[in-house]
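**Student:** Pasting data.csv below, which is CSV, C-alpha atoms and all ligand atoms.
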```csv
chain,number,residue,atom,x,y,z
J,261,MET,CA,38.9,-5.9,8.9
J,262,SER,CA,38.3,-6.2,5.2
J,263,ALA,CA,35.9,-4.3,3.0
J,264,ASN,CA,35.1,-7.6,1.2
J,265,LEU,CA,34.1,-9.5,4.3
J,266,PRO,CA,30.4,-9.6,5.3
J,267,ALA,CA,29.7,-7.3,8.3
J,268,ILE,CA,28.7,-10.4,10.3
J,269,LEU,CA,32.3,-11.6,9.9
J,270,GLY,CA,33.8,-8.2,10.8
J,271,GLY,CA,33.5,-6.3,7.5
J,272,VAL,CA,32.1,-2.9,7.1
J,273,ALA,CA,28.3,-2.7,6.9
J,274,ALA,CA,26.9,-2.3,3.4
J,275,PHE,CA,24.6,0.6,4.6
J,276,PRO,CA,26.2,2.3,7.6
J,277,ASP,CA,23.1,4.5,7.9
J,278,GLY,CA,20.7,1.6,7.4
J,279,ALA,CA,18.6,0.6,4.4
J,280,PRO,CA,14.9,0.5,5.3
J,281,LEU,CA,12.6,-2.0,3.6
J,282,CYS,CA,10.7,0.8,1.9
J,283,ARG,CA,10.7,4.6,1.8
J,284,PRO,CA,7.3,6.1,1.1
J,285,ARG,CA,8.0,9.3,-0.6
J,286,ILE,CA,5.8,11.9,-2.3
J,287,ASP,CA,7.2,13.8,-5.2
J,288,ASP,CA,4.8,16.6,-4.9
J,289,ASP,CA,4.1,17.7,-1.3
J,290,ALA,CA,3.1,21.2,-2.3
J,291,ALA,CA,0.0,19.8,-4.0
J,292,ILE,CA,-0.9,17.8,-0.9
J,293,LEU,CA,-0.4,20.7,1.5
J,294,GLU,CA,-2.7,22.8,-0.7
J,295,ARG,CA,-5.4,20.1,-0.7
J,296,ILE,CA,-5.0,19.7,3.1
J,297,SER,CA,-5.4,23.4,3.8
J,298,LYS,CA,-8.5,23.4,1.7
J,299,VAL,CA,-9.9,20.4,3.7
J,300,LEU,CA,-9.1,22.1,7.0
J,301,ARG,CA,-10.8,25.3,5.8
J,302,SER,CA,-13.9,23.4,4.6
J,303,GLY,CA,-14.6,21.8,8.0
J,304,GLN,CA,-15.3,18.5,6.3
J,305,LEU,CA,-12.6,16.2,7.6
J,306,THR,CA,-13.8,12.8,6.4
J,307,ASN,CA,-15.5,11.1,3.5
J,308,SER,CA,-16.2,14.3,1.5
J,309,THR,CA,-15.1,16.0,-1.7
J,310,THR,CA,-11.5,14.9,-1.6
J,311,VAL,CA,-12.5,11.3,-1.1
J,312,ARG,CA,-15.0,11.6,-4.0
J,313,GLU,CA,-12.3,13.1,-6.2
J,314,LEU,CA,-10.0,10.1,-5.3
J,315,GLU,CA,-12.8,7.6,-6.1
J,316,ALA,CA,-13.5,9.2,-9.5
J,317,TYR,CA,-9.8,9.5,-10.3
J,318,VAL,CA,-9.1,5.8,-9.5
J,319,ALA,CA,-12.3,4.6,-11.3
J,320,ASP,CA,-11.2,6.4,-14.4
J,321,ARG,CA,-7.6,5.2,-14.1
J,322,LEU,CA,-8.7,1.6,-13.7
J,323,GLN,CA,-11.6,1.8,-16.1
J,324,VAL,CA,-13.9,0.3,-13.4
J,325,PRO,CA,-17.3,1.9,-12.9
J,326,HIS,CA,-17.3,1.8,-9.0
J,327,VAL,CA,-14.5,2.6,-6.6
J,328,VAL,CA,-15.4,3.0,-3.0
J,329,ALA,CA,-12.7,4.4,-0.6
J,330,VAL,CA,-12.5,2.9,2.8
J,331,SER,CA,-10.2,3.2,5.8
J,332,SER,CA,-8.0,0.1,5.0
J,333,CYS,CA,-7.8,-2.8,2.7
J,334,THR,CA,-8.6,-5.1,5.6
J,335,ALA,CA,-11.9,-3.2,6.3
J,336,GLY,CA,-12.7,-3.2,2.6
J,337,LEU,CA,-12.3,-6.9,2.4
J,338,MET,CA,-14.4,-7.4,5.5
J,339,LEU,CA,-17.2,-5.3,4.0
J,340,VAL,CA,-17.0,-7.1,0.7
J,341,TYR,CA,-17.4,-10.5,2.3
J,342,GLN,CA,-20.2,-9.2,4.5
J,343,ALA,CA,-22.0,-7.8,1.5
J,344,LEU,CA,-21.6,-11.1,-0.4
J,345,SER,CA,-22.8,-13.1,2.7
J,346,ALA,CA,-19.7,-15.2,2.4
J,347,THR,CA,-20.3,-16.9,5.7
J,348,GLY,CA,-19.2,-20.3,4.5
J,349,ARG,CA,-15.9,-21.7,3.3
J,350,VAL,CA,-13.7,-19.2,1.5
J,351,VAL,CA,-11.0,-20.8,-0.6
J,352,LEU,CA,-7.8,-18.8,-0.5
J,353,PRO,CA,-4.0,-19.1,-0.4
J,354,SER,CA,-2.1,-19.3,2.9
J,355,PHE,CA,1.0,-17.7,1.3
J,356,THR,CA,-0.3,-14.1,1.6
J,357,PHE,CA,-0.6,-11.4,4.3
J,358,ALA,CA,-2.7,-12.5,7.3
J,359,ALA,CA,-5.3,-9.8,6.6
J,360,SER,CA,-6.5,-11.8,3.5
J,361,ALA,CA,-7.8,-14.5,5.9
J,362,HIS,CA,-8.6,-12.2,8.9
J,363,ALA,CA,-11.2,-10.4,6.8
J,364,VAL,CA,-12.9,-13.7,5.9
J,365,VAL,CA,-13.1,-14.6,9.6
J,366,TRP,CA,-14.4,-11.1,10.7
J,367,ALA,CA,-17.2,-11.5,8.1
J,368,GLY,CA,-18.2,-14.8,9.6
J,369,GLY,CA,-16.6,-17.1,7.0
J,370,THR,CA,-14.0,-19.9,7.4
J,371,PRO,CA,-10.7,-19.7,5.5
J,372,ASP,CA,-9.9,-22.9,3.5
J,373,PHE,CA,-6.3,-22.7,2.5
J,374,VAL,CA,-5.0,-24.1,-0.8
J,375,ASP,CA,-1.5,-24.2,-2.2
J,376,ILE,CA,0.3,-21.9,-4.6
J,377,ASP,CA,2.0,-22.2,-7.9
J,378,PRO,CA,5.6,-23.0,-7.2
J,379,LEU,CA,6.9,-20.4,-9.7
J,380,ARG,CA,4.4,-17.6,-9.7
J,381,LEU,CA,3.7,-17.9,-5.9
J,382,THR,CA,0.1,-16.9,-6.6
J,383,VAL,CA,-2.7,-19.3,-5.8
J,384,ASP,CA,-2.7,-22.4,-8.0
J,385,PRO,CA,-6.0,-22.5,-10.0
J,386,ASP,CA,-5.9,-26.3,-10.1
J,387,ARG,CA,-5.9,-26.4,-6.3
J,388,VAL,CA,-8.7,-23.9,-6.2
J,389,ALA,CA,-10.7,-26.1,-8.5
J,390,GLU,CA,-10.2,-29.1,-6.2
J,391,ALA,CA,-11.5,-27.2,-3.2
J,392,ILE,CA,-14.4,-25.3,-4.9
J,393,ASP,CA,-17.2,-27.7,-4.3
J,394,GLY,CA,-19.6,-26.1,-1.7
J,395,ALA,CA,-17.4,-23.0,-1.2
J,396,ALA,CA,-18.9,-19.6,-0.5
J,397,ALA,CA,-16.2,-17.6,-2.3
J,398,ILE,CA,-12.7,-17.6,-3.8
J,399,SER,CA,-10.0,-15.1,-2.9
J,400,ALA,CA,-6.7,-14.6,-4.6
J,401,THR,CA,-3.8,-12.2,-3.9
J,402,HIS,CA,-1.8,-10.4,-6.6
J,403,LEU,CA,1.3,-11.4,-4.7
J,404,TYR,CA,4.0,-8.7,-4.5
J,405,GLY,CA,2.1,-7.0,-7.3
J,406,ALA,CA,2.3,-10.0,-9.8
J,407,PRO,CA,-1.2,-10.6,-11.1
J,408,ALA,CA,-2.9,-13.8,-10.2
J,409,GLU,CA,-4.0,-16.1,-13.0
J,410,VAL,CA,-7.3,-14.2,-13.3
J,411,GLU,CA,-8.7,-16.0,-16.4
J,412,ARG,CA,-8.5,-19.5,-15.0
J,413,LEU,CA,-9.8,-18.3,-11.6
J,414,GLN,CA,-12.7,-16.6,-13.3
J,415,ASP,CA,-13.6,-19.8,-15.2
J,416,ILE,CA,-13.6,-21.7,-11.9
J,417,ALA,CA,-15.7,-19.1,-10.1
J,418,ASP,CA,-18.2,-18.9,-13.0
J,419,ALA,CA,-18.6,-22.6,-13.3
J,420,ALA,CA,-19.2,-22.9,-9.5
J,421,GLY,CA,-21.3,-19.7,-9.3
J,422,VAL,CA,-19.3,-18.2,-6.5
J,423,PRO,CA,-17.9,-14.7,-6.1
J,424,LEU,CA,-14.1,-14.1,-6.7
J,425,VAL,CA,-12.5,-11.5,-4.5
J,426,TYR,CA,-9.0,-10.2,-5.1
J,427,ASP,CA,-6.8,-9.0,-2.3
J,428,ALA,CA,-5.2,-6.4,-4.6
J,429,ALA,CA,-3.3,-4.7,-1.7
J,430,HIS,CA,-0.1,-4.8,-3.7
J,431,GLY,CA,-1.7,-4.3,-7.1
J,432,LEU,CA,-2.4,-0.6,-7.7
J,433,GLY,CA,-0.3,0.0,-10.9
J,434,SER,CA,-0.2,-3.7,-11.9
J,435,HIS,CA,-1.4,-5.0,-15.3
J,436,ARG,CA,-2.6,-8.4,-16.4
J,437,ARG,CA,-2.1,-8.9,-20.2
J,438,GLY,CA,-2.5,-5.1,-20.7
J,439,ARG,CA,-5.5,-4.6,-18.4
J,440,SER,CA,-5.2,-2.8,-15.1
J,441,VAL,CA,-5.6,-4.9,-12.0
J,442,GLY,CA,-8.7,-3.6,-10.4
J,443,GLY,CA,-11.3,-4.7,-12.9
J,444,PHE,CA,-11.1,-8.5,-12.3
J,445,GLY,CA,-13.4,-10.7,-10.4
J,446,THR,CA,-16.4,-9.6,-8.2
J,447,ALA,CA,-14.3,-7.0,-6.4
J,448,GLU,CA,-10.7,-6.0,-6.0
J,449,VAL,CA,-9.5,-4.4,-2.8
J,450,PHE,CA,-6.4,-2.1,-2.8
J,451,SER,CA,-4.4,-0.9,0.2
J,452,LEU,CA,-3.0,2.6,0.7
J,453,SER,CA,-1.0,1.8,3.8
J,454,PRO,CA,2.6,3.1,3.8
J,455,THR,CA,4.4,0.0,2.7
J,456,LYS,CA,2.5,-0.1,-0.6
J,457,VAL,CA,3.7,1.6,-3.8
J,458,ALA,CA,0.8,4.0,-3.8
J,459,PHE,CA,-0.2,5.1,-0.3
J,460,GLY,CA,-2.4,7.5,1.6
J,461,GLY,CA,-0.9,6.9,5.1
J,462,GLU,CA,-3.7,4.5,5.6
J,463,GLY,CA,-6.6,3.7,3.4
J,464,GLY,CA,-8.2,1.2,1.0
J,465,LEU,CA,-10.1,1.2,-2.2
J,466,VAL,CA,-12.8,-1.3,-3.3
J,467,ALA,CA,-13.2,-1.6,-7.1
J,468,THR,CA,-16.1,-3.4,-8.7
J,469,HIS,CA,-18.3,-3.6,-11.7
J,470,ASP,CA,-21.3,-4.4,-9.5
J,471,PRO,CA,-23.4,-1.3,-8.6
J,472,GLU,CA,-25.3,-3.2,-5.8
J,473,LEU,CA,-22.1,-4.4,-4.2
J,474,ALA,CA,-20.6,-0.8,-4.4
J,475,HIS,CA,-23.8,0.5,-2.7
J,476,GLN,CA,-23.5,-2.0,0.1
J,477,ILE,CA,-19.9,-1.1,0.7
J,478,THR,CA,-20.8,2.6,0.7
J,479,LEU,CA,-23.4,1.9,3.4
J,480,GLY,CA,-21.1,-0.5,5.2
J,481,ARG,CA,-18.2,1.9,5.6
J,482,ASP,CA,-20.6,4.3,7.4
J,483,TYR,CA,-22.1,1.9,10.1
J,484,GLY,CA,-24.7,0.6,7.6
J,485,ASN,CA,-26.4,3.9,7.9
J,486,PRO,CA,-28.4,4.9,4.8
J,487,GLY,CA,-28.5,8.5,6.0
J,488,ASP,CA,-31.5,8.4,8.4
J,489,TYR,CA,-29.7,6.5,11.2
J,490,ASN,CA,-32.0,3.6,10.7
J,491,CYS,CA,-29.1,1.2,10.0
J,492,SER,CA,-29.9,-1.5,7.5
J,493,PHE,CA,-27.1,-3.9,8.8
J,494,PRO,CA,-24.3,-3.7,11.3
J,495,GLY,CA,-21.6,-1.9,9.3
J,496,LEU,CA,-18.2,-0.5,10.3
J,497,ASN,CA,-16.7,2.9,10.6
J,498,ALA,CA,-14.5,2.3,7.6
J,499,ARG,CA,-14.6,5.8,6.2
J,500,MET,CA,-11.5,7.3,4.6
J,501,SER,CA,-10.5,10.7,6.0
J,502,GLU,CA,-10.1,13.7,3.6
J,503,LEU,CA,-6.5,14.0,4.8
J,504,HIS,CA,-5.6,10.5,3.7
J,505,ALA,CA,-7.4,11.0,0.4
J,506,ALA,CA,-5.3,14.2,-0.2
J,507,VAL,CA,-2.1,12.1,0.2
J,508,ALA,CA,-3.4,9.3,-1.9
J,509,LEU,CA,-4.3,11.5,-4.8
J,510,SER,CA,-0.7,12.7,-5.1
J,511,SER,CA,0.8,9.3,-4.5
J,512,ILE,CA,-1.4,7.6,-7.1
J,513,ALA,CA,-0.6,10.3,-9.7
J,514,SER,CA,3.0,9.1,-9.7
J,515,VAL,CA,2.4,5.4,-9.4
J,516,ASP,CA,3.2,4.5,-13.0
J,517,GLU,CA,6.5,6.3,-12.8
J,518,HIS,CA,7.3,4.5,-9.6
J,519,VAL,CA,6.3,1.1,-11.0
J,520,ARG,CA,8.5,1.7,-14.1
J,521,ARG,CA,11.5,2.6,-11.9
J,522,ARG,CA,10.9,-0.4,-9.6
J,523,ASN,CA,10.9,-2.7,-12.6
J,524,GLU,CA,14.1,-1.2,-13.8
J,525,LEU,CA,15.7,-1.7,-10.3
J,526,VAL,CA,14.6,-5.3,-10.1
J,527,ALA,CA,16.0,-6.0,-13.6
J,528,GLN,CA,19.3,-4.4,-12.5
J,529,PHE,CA,19.3,-6.5,-9.3
J,530,ARG,CA,18.6,-9.7,-11.2
J,531,THR,CA,21.4,-9.0,-13.7
J,532,ALA,CA,23.8,-8.3,-10.9
J,533,THR,CA,22.9,-11.5,-9.1
J,534,ALA,CA,22.4,-13.8,-12.1
J,535,GLY,CA,25.5,-15.9,-11.4
J,536,ILE,CA,24.6,-16.7,-7.7
J,537,ALA,CA,23.8,-20.3,-7.2
J,538,GLY,CA,20.5,-21.1,-5.5
J,539,LEU,CA,19.0,-17.7,-5.9
J,540,THR,CA,15.7,-17.4,-7.9
J,541,PHE,CA,12.8,-15.0,-8.2
J,542,GLN,CA,9.0,-15.1,-8.5
J,543,GLN,CA,8.0,-15.7,-12.2
J,544,VAL,CA,6.1,-12.8,-13.7
J,545,ASP,CA,4.7,-13.2,-17.2
J,546,ASP,CA,6.2,-11.0,-19.9
J,547,ALA,CA,2.8,-9.8,-20.8
J,548,ASP,CA,2.1,-8.7,-17.2
J,549,LEU,CA,3.4,-5.8,-15.2
J,550,SER,CA,4.1,-6.1,-11.5
J,551,THR,CA,4.3,-3.2,-9.1
J,552,TYR,CA,7.1,-5.0,-7.3
J,553,LYS,CA,5.6,-3.9,-4.1
J,554,ASP,CA,8.3,-6.3,-2.7
J,555,LEU,CA,11.5,-7.6,-4.0
J,556,THR,CA,11.5,-11.1,-2.7
J,557,LEU,CA,14.4,-13.6,-3.1
J,558,ILE,CA,13.9,-17.3,-3.1
J,559,LEU,CA,16.9,-19.1,-1.7
J,560,ASP,CA,17.7,-22.7,-2.2
J,561,GLU,CA,19.7,-23.4,0.9
J,562,SER,CA,21.6,-26.4,-0.5
J,563,ARG,CA,23.0,-24.3,-3.4
J,564,TYR,CA,23.1,-20.8,-1.9
J,565,GLY,CA,24.7,-22.1,1.3
J,566,LEU,CA,22.5,-20.3,3.8
J,567,THR,CA,18.8,-20.4,4.8
J,568,ALA,CA,16.6,-17.3,4.3
J,569,ALA,CA,16.5,-17.0,8.1
J,570,GLU,CA,20.4,-17.0,8.3
J,571,VAL,CA,20.5,-14.4,5.4
J,572,ALA,CA,18.1,-12.2,7.4
J,573,THR,CA,20.5,-12.2,10.3
J,574,ALA,CA,23.5,-11.6,8.2
J,575,LEU,CA,21.8,-8.7,6.3
J,576,GLY,CA,20.8,-7.3,9.7
J,577,ALA,CA,24.6,-6.9,10.4
J,578,GLU,CA,24.8,-5.1,7.0
J,579,ARG,CA,22.1,-2.7,8.4
J,580,ILE,CA,19.9,-3.9,5.5
J,581,ASP,CA,16.3,-4.3,6.7
J,582,THR,CA,14.4,-7.4,5.6
J,583,ARG,CA,11.1,-9.2,6.0
J,584,ARG,CA,10.1,-12.8,5.6
J,585,TYR,CA,7.1,-12.2,3.3
J,586,TYR,CA,5.3,-14.5,3.9
J,587,SER,CA,6.7,-16.6,6.8
J,588,PRO,CA,5.0,-18.0,8.7
J,589,PRO,CA,2.3,-18.5,6.1
J,590,ILE,CA,-1.2,-18.0,7.5
J,591,HIS,CA,-2.1,-21.6,8.2
J,592,ARG,CA,1.0,-21.8,10.5
J,593,GLN,CA,0.2,-18.7,12.5
J,594,LYS,CA,-1.1,-18.9,16.1
J,595,ALA,CA,-4.4,-17.3,15.1
J,596,TYR,CA,-5.2,-20.2,12.9
J,597,ALA,CA,-3.7,-23.1,14.9
J,598,SER,CA,-7.2,-24.4,15.9
J,599,LEU,CA,-8.5,-24.3,12.3
J,600,PRO,CA,-8.9,-27.8,10.9
J,601,GLN,CA,-6.8,-28.0,7.8
J,602,SER,CA,-8.4,-29.7,4.8
J,603,ARG,CA,-5.2,-30.6,3.0
J,604,PRO,CA,-1.4,-30.4,3.1
J,605,LEU,CA,0.2,-27.3,1.5
J,606,PRO,CA,3.7,-28.6,0.5
J,607,ILE,CA,4.6,-25.8,-1.9
J,608,THR,CA,3.6,-23.1,0.7
J,609,ASP,CA,5.5,-24.9,3.4
J,610,ARG,CA,8.7,-25.1,1.3
J,611,ILE,CA,8.6,-21.6,-0.2
J,612,CYS,CA,8.0,-19.9,3.1
J,613,GLU,CA,11.3,-21.3,4.3
J,614,GLN,CA,13.1,-19.9,1.3
J,615,VAL,CA,11.8,-16.3,1.0
J,616,ILE,CA,13.4,-13.1,2.1
J,617,THR,CA,12.3,-9.6,1.1
J,618,VAL,CA,15.0,-7.0,0.7
J,619,PRO,CA,14.8,-3.2,0.4
J,620,LEU,CA,13.3,-1.6,-2.6
J,621,TRP,CA,12.0,1.9,-2.9
J,622,SER,CA,10.9,3.8,-5.9
J,623,GLN,CA,13.6,6.5,-5.7
J,624,MET,CA,16.4,4.0,-5.0
J,625,ALA,CA,19.7,4.9,-6.8
J,626,ASP,CA,21.4,2.4,-9.1
J,627,ALA,CA,24.3,2.3,-6.6
J,628,GLU,CA,22.0,1.4,-3.7
J,629,ILE,CA,20.4,-1.6,-5.4
J,630,SER,CA,23.9,-2.7,-6.5
J,631,ARG,CA,25.0,-2.6,-2.9
J,632,VAL,CA,22.2,-4.8,-1.8
J,633,ALA,CA,23.1,-7.2,-4.7
J,634,ASP,CA,26.7,-7.2,-3.7
J,635,ALA,CA,25.8,-8.0,-0.1
J,636,ILE,CA,23.8,-11.0,-1.3
J,637,GLU,CA,26.7,-12.2,-3.3
J,638,ARG,CA,29.2,-11.7,-0.4
J,639,LEU,CA,27.0,-13.8,1.9
J,640,HIS,CA,27.0,-16.6,-0.7
J,641,VAL,CA,30.8,-16.5,-1.1
J,642,HIS,CA,31.3,-16.6,2.7
J,643,ALA,CA,28.3,-18.9,3.5
J,644,ALA,CA,30.3,-21.6,5.2
J,645,GLU,CA,32.1,-19.1,7.6
J,646,ILE,CA,28.8,-17.3,8.3
J,647,ARG,CA,27.1,-20.6,9.2
J,648,LYS,CA,29.9,-21.5,11.6
J,649,GLN,CA,29.6,-18.1,13.2
J,650,LEU,CA,25.8,-18.4,13.6
J,651,ARG,CA,25.8,-21.9,15.0
V,1,LIG,C1,-1.0,-4.6,3.4
V,1,LIG,C2,-1.8,-5.8,3.0
V,1,LIG,C3,-3.1,-5.9,3.5
V,1,LIG,C4,-3.7,-5.0,4.5
V,1,LIG,O1,-3.9,-3.7,4.0
V,1,LIG,P1,-4.4,-2.6,5.1
V,1,LIG,O2,-4.7,-1.4,4.2
V,1,LIG,O3,-3.2,-2.3,6.0
V,1,LIG,O4,-5.5,-3.1,5.8
V,1,LIG,C5,-3.9,-6.9,3.0
V,1,LIG,N1,-3.4,-7.9,2.2
V,1,LIG,C6,-2.2,-7.8,1.8
V,1,LIG,C7,-1.7,-8.9,0.8
V,1,LIG,C8,-1.3,-6.8,2.2
V,1,LIG,O5,0.0,-6.8,1.8
```
Take the structure in the file and give it back as structure tokens.

**Tutor:**
Amino acid sequence: MSANLPAILGGVAAFPDGAPLCRPRIDDDAAILERISKVLRSGQLTNSTTVRELEAYVADRLQVPHVVAVSSCTAGLMLVYQALSATGRVVLPSFTFAASAHAVVWAGGTPDFVDIDPLRLTVDPDRVAEAIDGAAAISATHLYGAPAEVERLQDIADAAGVPLVYDAAHGLGSHRRGRSVGGFGTAEVFSLSPTKVAFGGEGGLVATHDPELAHQITLGRDYGNPGDYNCSFPGLNARMSELHAAVALSSIASVDEHVRRRNELVAQFRTATAGIAGLTFQQVDDADLSTYKDLTLILDESRYGLTAAEVATALGAERIDTRRYYSPPIHRQKAYASLPQSRPLPITDRICEQVITVPLWSQMADAEISRVADAIERLHVHAAEIRKQLR
């Protein structure tokens, strides 16, 4: 048994106690507990003063006039599409989380998937332009926290006169050319679920400049009830609880520090793995800031020596948790098997075979990210033997 052998070939696991994909942590649990005891004493457990405080805090942070807290990003997206009456074709990438498309379907629309930019991995504006004729809306995802090409997408949306909705689930703390993600398009919807950089346990936030849209979401999260129980439309219960808002307030307060550290860790990982053939990363513009919600590697099998799926198995033996974000892409998932596809998606179909997301958490130590990098290097060095073992 050699310390230099990958665990799958009999070496010692890189993380004997396991490395989870993410580790949601709050720096300041005393503040949360104090807020929660206040909530419990107040008798108002949902959609009350703590939620209002969160909405005002985030609106100020993002410099967006309206922020409406909801129970999840998925519910927020559903309510946005409902309010926009986006019951036709919605042009969006397939290389994103399934909820981006599910929300369209729940609101009565039809996803129309288009391809991504091969380097940025966000939706390719040229492909959106080709599909825009007759569409009801456009949706883009700030993938892994890297902002979409918002200027070009806005031009296309304006020219076609259709709304532009951002799935900003990964984007709380991201910047596009110095501006906070949250203020672009018709609406941007954040997630506060536990795998995100800023979290509330569960929860979502809809940010918009449009007061009428904000009003509709406010009604829609509460059954469509304007207050007199004479509902104006069939809404959801998509309220955020006060307990989740208490957690979110503390988590968002430290998001900039977490994003800074994540960028530092990613830079360190990239330096440590710079010499490894066939390993590349999503391109993020120098003028932009990504939250790095995920650290996703792109592996060219012919040069790295292993597929992303093989690497996932080998990293499992190292007790390193991984995900294939996003494989299968949405158009390849069972839920969408019967959806007629308008066009081939060659970039999505290639990239989804090449991606693997490795652990990254905001309080990760330098030594921990180095250990992940070392494991990626070891697998490359021993690729041929690993492949033999796996086949
Ligand atoms: C997490 C995620 C969602 C769903 O967020 P919820 O708050 O869990 O509903 C939607 N889109 C993307 C891209 C996500 O990563």

**Student:** Would you mind listing, for every residue of stretch 540-591 of chain J within 6 Å of stretch 339-359 of chain J, the two atoms forming the shortest contact and the distance between them in Å to one decimal, using only C-alpha atoms, sorted by chain and ascending residue number, as JSON lines?

**Tutor:**
```
{"residue": "J:Tyr586", "atom": "CA", "partner": "J:Phe355", "partner_atom": "CA", "distance": 6.0}
{"residue": "J:Pro589", "atom": "CA", "partner": "J:Phe355", "partner_atom": "CA", "distance": 5.0}
{"residue": "J:Ile590", "atom": "CA", "partner": "J:Ser354", "partner_atom": "CA", "distance": 4.9}
{"residue": "J:His591", "atom": "CA", "partner": "J:Ser354", "partner_atom": "CA", "distance": 5.8}
```

**Student:** For atom CA of J:Leu424 and atom CA of J:Asn523, determine how far apart the two atoms are, in Å to one decimal place.

**Tutor:**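 Separation of atom CA of J:Leu424 and atom CA of J:Asn523: 28.1 Å.
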
**Student:** Taking all atoms listed in the file into account, report as JSON, numbers by chain which residues have an atom no farther than 6 Å from an atom of ligand LIG 1 (chain V).

**Tutor:** {"J": [332, 333, 334, 356, 357, 359, 360, 427, 429, 430, 451, 452, 453, 463, 464]}

**Student:** Please identify all polymer residues lying at most 8 Å from the point (-11.8, -15.7, -8.2) (file coordinates), using only C-alpha atoms, and present the result as a list in words.

**Tutor:** Ala397, Ile398, Ser399, Ala400, Val410, Leu413, Gln414, Ile416, Ala417, Pro423, Leu424, Val425, Tyr426, Gly445 and Thr446 of chain J

**Student:** Could those selected residues go to a file with C-alpha atoms, as an mmCIF file, in the coordinates of the input?

**Tutor:**
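Saved result, part.cif, follows:
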```cif
data_model
loop_
_atom_site.group_PDB
_atom_site.id
_atom_site.type_symbol
_atom_site.label_atom_id
_atom_site.label_comp_id
_atom_site.auth_asym_id
_atom_site.auth_seq_id
_atom_site.Cartn_x
_atom_site.Cartn_y
_atom_site.Cartn_z
ATOM 1 C CA ALA J 397 -16.200 -17.600 -2.300
ATOM 2 C CA ILE J 398 -12.700 -17.600 -3.800
ATOM 3 C CA SER J 399 -10.000 -15.100 -2.900
ATOM 4 C CA ALA J 400 -6.700 -14.600 -4.600
ATOM 5 C CA VAL J 410 -7.300 -14.200 -13.300
ATOM 6 C CA LEU J 413 -9.800 -18.300 -11.600
ATOM 7 C CA GLN J 414 -12.700 -16.600 -13.300
ATOM 8 C CA ILE J 416 -13.600 -21.700 -11.900
ATOM 9 C CA ALA J 417 -15.700 -19.100 -10.100
ATOM 10 C CA PRO J 423 -17.900 -14.700 -6.100
ATOM 11 C CA LEU J 424 -14.100 -14.100 -6.700
ATOM 12 C CA VAL J 425 -12.500 -11.500 -4.500
ATOM 13 C CA TYR J 426 -9.000 -10.200 -5.100
ATOM 14 C CA GLY J 445 -13.400 -10.700 -10.400
ATOM 15 C CA THR J 446 -16.400 -9.600 -8.200
#
```

**Student:** Give one line per residue of stretch 325-439 of chain J that approaches stretch 303-320 of chain J to at most 10 Å, naming the two atoms of the closest pair and their distance in Å to one decimal, counting all atoms listed in the file; sort by chain then ascending residue number and deliver it as a tab-separated table.

**Tutor:**
```
residue	atom	partner	partner_atom	distance
J:Pro325	CA	J:Ala319	CA	5.9
J:His326	CA	J:Ala319	CA	6.2
J:Val327	CA	J:Glu315	CA	5.3
J:Val328	CA	J:Glu315	CA	6.1
J:Ala329	CA	J:Glu315	CA	6.4
J:Val330	CA	J:Asn307	CA	8.8
J:Ser331	CA	J:Asn307	CA	9.8
J:Leu432	CA	J:Val318	CA	9.4
```

**Student:** Atom CA of J:Asp482 and atom CA of J:Val299 are how many Å apart?

**Tutor:**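 Computed distance, atom CA of J:Asp482 to atom CA of J:Val299, equals 19.7 Å.
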
**Student:** I need the residue nearest J:Cys282 from this list: J:Arg530, J:Arg610, J:His504, J:Arg583. Use only C-alpha atoms for the distance.

**Tutor:** J:Arg583

**Student:** Report, in Å with one decimal, the straight-line distance from atom CA of J:Thr573 to atom CA of J:Gln593.

**Tutor:**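 It comes out at 21.4 Å.
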
**Student:** Pick the closest to J:Leu322 from J:Leu599, J:Ile296, J:Val272, J:Ala467: which is it, counting only C-alpha atoms?

**Tutor:**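 The answer is J:Ala467, which sits nearest to J:Leu322.
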
**Student:** For stretch 304-418 of chain J versus stretch 611-626 of chain J, which residues have an atom no more than 10 Å away, and what is each residue's nearest atom pair and distance in Å rounded to one decimal, using all atoms listed in the file, chain-then-number order, as CSV?

**Tutor:**
```
residue,atom,partner,partner_atom,distance
J:Phe355,CA,J:Cys612,CA,7.6
J:Ile376,CA,J:Ile611,CA,9.4
J:Pro378,CA,J:Ile611,CA,7.7
J:Leu379,CA,J:Ile611,CA,9.7
J:Leu381,CA,J:Ile611,CA,8.4
```

**Student:** With all atoms listed in the file as the counted atoms, please give the residues lying no more than 10 Å from J:Gly538, apart from itself and same-chain residues fewer than 4 positions off, as a ChimeraX atom specification.

**Tutor:** /J:557-566,640

**Student:** Which one of J:Glu294, J:Ser492, J:Asp287, J:Ala406 sits closest to J:Phe541 if you count all atoms listed in the file?

**Tutor:**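 Nearest candidate to J:Phe541 out of J:Glu294, J:Ser492, J:Asp287, J:Ala406: J:Ala406.
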
**Student:** Need the neighbours of (-7.4, -30.1, -4.4): which residues are at most 12 Å away, counting only C-alpha atoms, as a list in words?

**Tutor:** Val351, Leu352, Asp372, Phe373, Val374, Asp375, Ile376, Val383, Asp384, Pro385, Asp386, Arg387, Val388, Ala389, Glu390, Ala391, Ile392, Asp393, Ser602, Arg603, Pro604 and Leu605 of chain J

**Student:** Measuring between only C-alpha atoms, which one of J:Asp581, J:Asp289, J:Asp545, J:Asp277 shows the shortest distance to J:Gly438?

**Tutor:**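 Comparing J:Asp581, J:Asp289, J:Asp545, J:Asp277 against J:Gly438, the winner is J:Asp545.
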
**Student:** Write out as number ranges by chain the residues lying within 7 Å of J:Ser511, counting all atoms listed in the file and excluding same-chain residues fewer than 2 positions away.

**Tutor:** J: 286, 458-459, 507-509, 513-515
